[in-house]
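Engineer: Following this message is one structure expressed as structure tokens.
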Amino acid sequence: MKKWKDYIWVWCGAVIVNDNNETLLMKRGSECRNQAWYWSRPWWGVDFWETLEEAVIREVREEIWVEAEVVWMLEVSDNIMPEEWQHWIAVSFVCKIKSWEIKNMEPHKCEEIRWFNIYDLPEKIASYTKLWVENYIKKYCKK
């Protein structure tokens, strides 16, 4: 079986929001597989024998060197992207950071890590990240 062609991926992602209604986003670098120069959140694939919660905690630690705690599952989405020959199921979790030493652990993939107000997201944001933040706002915020 060929990666990206013969099966559907399972991904997990963290929507990290602080007490100031800011979300932590990462600017993808030029070596990213797709959507380079877009802002996104910590996420990647679930490993075999790994729970979804374990996967999202691992990915956050691997990408930005913080210990995250899953607060709740935000949603499950079906992402069909024929123009990029991708189909993946993504589970997004709202997470909080237990330790605050944010560090870019993948500078070859990520150029910058920044907090953004959830009501004022950057223009170049990955479509699925924007959707997940918007769904977080709809479900849990009162403006």
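A note on labels: chains of the structure tokens are A, B, ... as shown, every chain counts residues from 1, and ligands are counted from 1 in their shown order.
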Extract, using only C-alpha atoms, all DNA, RNA and protein residues at most 8 Å from Leu52 in chain A, discarding same-chain residues fewer than 6 positions from it, and format them as a PyMOL selection string.
Structural biologist: chain A and resi 12+46+91
Engineer: Once DSSP has gone over the backbone, tell me which residues of chain A are in strand (DSSP E), as a VMD selection string.
Structural biologist: chain A and resid 9 to 16 22 to 28 39 to 40 43 to 45 68 to 81 86 to 97 110 to 117
Engineer: Hey, what's within 9 Å of Trp132 in chain A if we count only C-alpha atoms and toss same-chain stuff fewer than 6 positions away? As a list of chain:residue names, please?
Structural biologist: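 Neighbouring residues, sequence-local ones excluded: A:Val15, A:Leu74, A:Glu75, A:Ser92.
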Engineer: Hey, which bits of range 66-132 of chain A sit within 8 Å of range 16-25 of chain A, and for each residue what's the closest pair of atoms and how far apart in Å (one decimal), counting only C-alpha atoms, rows by chain and increasing number, as JSON lines?
Structural biologist:
{"residue": "A:Val94", "atom": "CA", "partner": "A:Ile16", "partner_atom": "CA", "distance": 6.0}
{"residue": "A:Cys95", "atom": "CA", "partner": "A:Ile16", "partner_atom": "CA", "distance": 5.1}
{"residue": "A:Lys96", "atom": "CA", "partner": "A:Ile16", "partner_atom": "CA", "distance": 5.8}
{"residue": "A:Ile97", "atom": "CA", "partner": "A:Ile16", "partner_atom": "CA", "distance": 7.5}
{"residue": "A:Ile113", "atom": "CA", "partner": "A:Leu25", "partner_atom": "CA", "distance": 5.8}
{"residue": "A:Arg114", "atom": "CA", "partner": "A:Leu25", "partner_atom": "CA", "distance": 5.5}
{"residue": "A:Trp115", "atom": "CA", "partner": "A:Leu24", "partner_atom": "CA", "distance": 4.5}
{"residue": "A:Phe116", "atom": "CA", "partner": "A:Glu22", "partner_atom": "CA", "distance": 5.0}
{"residue": "A:Asn117", "atom": "CA", "partner": "A:Glu22", "partner_atom": "CA", "distance": 4.2}
{"residue": "A:Ile118", "atom": "CA", "partner": "A:Glu22", "partner_atom": "CA", "distance": 5.3}
Engineer: Only N, CA and C atoms, please: the residues just picked out, written as a JSON list (two decimals), in the first residue's frame.
Structural biologist:
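Now in selection.json:
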[["chain", "number", "residue", "atom", "x", "y", "z"],
["A", 94, "VAL", "N", -9.62, 20.16, 22.15],
["A", 94, "VAL", "CA", -9.27, 21.38, 22.86],
["A", 94, "VAL", "C", -8.29, 20.95, 23.94],
["A", 95, "CYS", "N", -7.14, 21.61, 23.97],
["A", 95, "CYS", "CA", -6.10, 21.26, 24.93],
["A", 95, "CYS", "C", -5.67, 22.50, 25.70],
["A", 96, "LYS", "N", -5.18, 22.27, 26.90],
["A", 96, "LYS", "CA", -4.54, 23.35, 27.63],
["A", 96, "LYS", "C", -3.10, 22.94, 27.89],
["A", 97, "ILE", "N", -2.26, 23.92, 28.06],
["A", 97, "ILE", "CA", -0.85, 23.67, 28.27],
["A", 97, "ILE", "C", -0.59, 23.56, 29.77],
["A", 113, "ILE", "N", 6.06, 30.40, 15.86],
["A", 113, "ILE", "CA", 4.96, 30.00, 16.73],
["A", 113, "ILE", "C", 4.46, 31.27, 17.41],
["A", 114, "ARG", "N", 3.14, 31.50, 17.32],
["A", 114, "ARG", "CA", 2.58, 32.74, 17.86],
["A", 114, "ARG", "C", 1.17, 32.54, 18.38],
["A", 115, "TRP", "N", 0.80, 33.38, 19.34],
["A", 115, "TRP", "CA", -0.59, 33.43, 19.82],
["A", 115, "TRP", "C", -1.36, 34.44, 18.97],
["A", 116, "PHE", "N", -2.60, 34.07, 18.59],
["A", 116, "PHE", "CA", -3.49, 34.96, 17.86],
["A", 116, "PHE", "C", -4.83, 35.03, 18.58],
["A", 117, "ASN", "N", -5.42, 36.21, 18.59],
["A", 117, "ASN", "CA", -6.76, 36.35, 19.12],
["A", 117, "ASN", "C", -7.70, 35.48, 18.28],
["A", 118, "ILE", "N", -8.56, 34.69, 18.92],
["A", 118, "ILE", "CA", -9.42, 33.77, 18.16],
["A", 118, "ILE", "C", -10.41, 34.50, 17.26]]
